[in-house]
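K.L.:
The structure that follows is given in the form of structure tokens.
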Amino acid sequence: MPSIDPSIVHLQLGVSFPSDLGDLGATSATELEISTAYSDKRELAGQAAQVVLDHRECFSDLYIGQATRIQQAPEEVSQVVMPSPAHCRDGWPSTSIGRQGACSHHGGVVPGSSWATLLFS
């Protein structure tokens with residue numbers, strides 16, 4: 001049985017938010033960038049999943065199940081719903097969502113604000 005590439009083991013679509021993305025406070029993305037990023041990741045994940053499915057005898061049921069779910073995931077996003085402007089802790093609406101220092105003079109950003117919602121047809 002060949003060794004499993006660690007990047008394939010942790011390849012997920014929407015199961016959990018990756019913890020190794022670095023500082024997202026300085027990141028701002030448009031709907032098109034988010035949609036494109038999803039499609040690119042889905043394509044790569046689909047290629048890795050196909051390797052697993054083509055060589056089922058080398059993988060456990062867990063990996064086969066994950067690969068099957070990835071293959072069934074939509075290939076494209078039909079709509080990206082961007083979050084409304086972030087609200088600072090003191091209630092001040094901010095248009096600086098995703099930028100470092102947003103709400104720095106208003107007590108910080110309200111935790112738990114969503115980044116974006118992906119809709120599929």
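Scheme for the structure tokens: letters A, B, ... for chains in order shown; per-chain residue numbers from 1; ligand numbers from 1 in order shown.
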Write out as a PyMOL selection string the residues lying within 8 Å of Cys88 of chain A, counting only C-alpha atoms and excluding same-chain residues fewer than 6 positions away.

P.N.:
chain A and resi 94+103+106-110

K.L.:
Store the residues picked out above in a file with all heavy atoms, as a PDB file, in the first residue's frame.

P.N.:
ATOM      1  N   SER A  94     -19.112  49.259  10.130  1.00  0.00           N
ATOM      2  CA  SER A  94     -17.812  49.455   9.504  1.00  0.00           C
ATOM      3  C   SER A  94     -17.808  48.890   8.086  1.00  0.00           C
ATOM      4  O   SER A  94     -18.306  47.799   7.855  1.00  0.00           O
ATOM      5  CB  SER A  94     -16.725  48.769  10.330  1.00  0.00           C
ATOM      6  OG  SER A  94     -15.489  48.825   9.662  1.00  0.00           O
ATOM      7  N   CYS A 103     -12.515  48.691  13.185  1.00  0.00           N
ATOM      8  CA  CYS A 103     -13.136  48.968  14.491  1.00  0.00           C
ATOM      9  C   CYS A 103     -12.129  49.162  15.621  1.00  0.00           C
ATOM     10  O   CYS A 103     -12.478  49.029  16.793  1.00  0.00           O
ATOM     11  CB  CYS A 103     -14.129  47.875  14.874  1.00  0.00           C
ATOM     12  SG  CYS A 103     -15.434  47.609  13.684  1.00  0.00           S
ATOM     13  N   HIS A 106     -13.329  51.481  18.097  1.00  0.00           N
ATOM     14  CA  HIS A 106     -14.707  51.248  18.529  1.00  0.00           C
ATOM     15  C   HIS A 106     -14.842  49.944  19.305  1.00  0.00           C
ATOM     16  O   HIS A 106     -15.898  49.328  19.325  1.00  0.00           O
ATOM     17  CB  HIS A 106     -15.647  51.231  17.315  1.00  0.00           C
ATOM     18  CG  HIS A 106     -15.686  52.521  16.580  1.00  0.00           C
ATOM     19  ND1 HIS A 106     -16.530  53.544  16.919  1.00  0.00           N
ATOM     20  CD2 HIS A 106     -14.939  52.964  15.531  1.00  0.00           C
ATOM     21  CE1 HIS A 106     -16.334  54.578  16.100  1.00  0.00           C
ATOM     22  NE2 HIS A 106     -15.369  54.248  15.251  1.00  0.00           N
ATOM     23  N   GLY A 107     -13.736  49.489  19.900  1.00  0.00           N
ATOM     24  CA  GLY A 107     -13.794  48.290  20.738  1.00  0.00           C
ATOM     25  C   GLY A 107     -13.583  46.988  19.998  1.00  0.00           C
ATOM     26  O   GLY A 107     -13.780  45.914  20.548  1.00  0.00           O
ATOM     27  N   GLY A 108     -13.221  47.033  18.722  1.00  0.00           N
ATOM     28  CA  GLY A 108     -12.986  45.819  17.945  1.00  0.00           C
ATOM     29  C   GLY A 108     -14.239  45.352  17.216  1.00  0.00           C
ATOM     30  O   GLY A 108     -15.330  45.882  17.423  1.00  0.00           O
ATOM     31  N   VAL A 109     -14.066  44.365  16.351  1.00  0.00           N
ATOM     32  CA  VAL A 109     -15.159  43.812  15.544  1.00  0.00           C
ATOM     33  C   VAL A 109     -15.964  42.834  16.395  1.00  0.00           C
ATOM     34  O   VAL A 109     -15.411  42.114  17.218  1.00  0.00           O
ATOM     35  CB  VAL A 109     -14.599  43.094  14.297  1.00  0.00           C
ATOM     36  CG1 VAL A 109     -15.707  42.448  13.485  1.00  0.00           C
ATOM     37  CG2 VAL A 109     -13.807  44.057  13.433  1.00  0.00           C
ATOM     38  N   VAL A 110     -17.269  42.794  16.189  1.00  0.00           N
ATOM     39  CA  VAL A 110     -18.124  41.833  16.888  1.00  0.00           C
ATOM     40  C   VAL A 110     -17.700  40.437  16.436  1.00  0.00           C
ATOM     41  O   VAL A 110     -17.675  40.149  15.238  1.00  0.00           O
ATOM     42  CB  VAL A 110     -19.617  42.074  16.563  1.00  0.00           C
ATOM     43  CG1 VAL A 110     -20.480  40.990  17.188  1.00  0.00           C
ATOM     44  CG2 VAL A 110     -20.054  43.441  17.032  1.00  0.00           C
TER      45      VAL A 110
END

K.L.:
Please measure the separation of atom CA of Val77 of chain A and atom CA of Gln47 of chain A, giving the value in Å to one decimal.

P.N.:
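Taking atom CA of Val77 of chain A and atom CA of Gln47 of chain A, their separation equals 18.2 Å.
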
K.L.:
Could you tell me, as number ranges by chain, which residues of segment 35-89 of chain A DSSP assigns to strand (DSSP E) when given the backbone?

P.N.:
A: 79-81, 86-87

K.L.:
Give me a file of those residues, with N, CA and C atoms, as a JSON list (two decimals), in the first residue's frame.

P.N.:
[["chain", "number", "residue", "atom", "x", "y", "z"],
["A", 79, "GLN", "N", -23.90, 31.58, -6.34],
["A", 79, "GLN", "CA", -23.96, 32.94, -5.80],
["A", 79, "GLN", "C", -23.12, 33.01, -4.54],
["A", 80, "VAL", "N", -22.46, 34.14, -4.35],
["A", 80, "VAL", "CA", -21.73, 34.41, -3.12],
["A", 80, "VAL", "C", -22.42, 35.57, -2.44],
["A", 81, "VAL", "N", -22.85, 35.35, -1.21],
["A", 81, "VAL", "CA", -23.49, 36.42, -0.45],
["A", 81, "VAL", "C", -22.45, 36.95, 0.52],
["A", 86, "ALA", "N", -19.28, 44.93, 8.78],
["A", 86, "ALA", "CA", -19.04, 44.50, 10.16],
["A", 86, "ALA", "C", -19.55, 45.57, 11.11],
["A", 87, "HIS", "N", -19.95, 45.12, 12.24],
["A", 87, "HIS", "CA", -20.35, 46.07, 13.29],
["A", 87, "HIS", "C", -19.31, 46.01, 14.39]]

K.L.:
Got a sec: who's within 12 Å of segment 40-43 of chain A, counting only C-alpha atoms, leaving out chain neighbours fewer than 5 positions off, as a ChimeraX atom specification?

P.N.:
/A:11-14,33-35,48-50,67,69-77

K.L.:
Next, dump the selected residues to file, keeping only C-alpha atoms, as a CSV table (one decimal), in the first residue's frame.

P.N.:
chain,number,residue,atom,x,y,z
A,11,LEU,CA,-8.2,18.0,1.8
A,12,GLN,CA,-11.7,19.1,2.8
A,13,LEU,CA,-14.5,21.1,1.3
A,14,GLY,CA,-16.6,22.9,3.9
A,33,GLU,CA,-12.4,35.9,-6.0
A,34,ILE,CA,-14.3,33.7,-3.5
A,35,SER,CA,-16.2,31.9,-6.3
A,48,ALA,CA,-7.2,13.9,-5.6
A,49,ALA,CA,-10.5,12.2,-4.9
A,50,GLN,CA,-10.4,10.5,-8.3
A,67,ALA,CA,-13.4,11.1,-1.8
A,69,ARG,CA,-18.3,13.3,-0.9
A,70,ILE,CA,-15.8,15.5,-2.7
A,71,GLN,CA,-16.8,14.1,-6.1
A,72,GLN,CA,-20.4,14.9,-5.2
A,73,ALA,CA,-19.7,18.5,-4.2
A,74,PRO,CA,-20.9,21.1,-6.7
A,75,GLU,CA,-18.2,22.3,-9.1
A,76,GLU,CA,-19.3,25.9,-9.2
A,77,VAL,CA,-20.8,28.4,-6.9

K.L.:
So how many Å separate atom CA of Ala45 of chain A and atom CA of Leu62 of chain A, to one decimal?

P.N.:
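That distance, rounded to one decimal, is 15.7 Å.
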
K.L.:
For atom CA of Ser121 of chain A and atom CA of Leu44 of chain A, quote the distance in Å rounded to one decimal.

P.N.:
20.7 Å

K.L.:
Closest to Trp92 of chain A among A:Thr68, A:Thr117, A:Ser104, A:Ser78, using only C-alpha atoms?

P.N.:
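Of the candidates, the smallest distance to Trp92 of chain A is held by A:Ser104.
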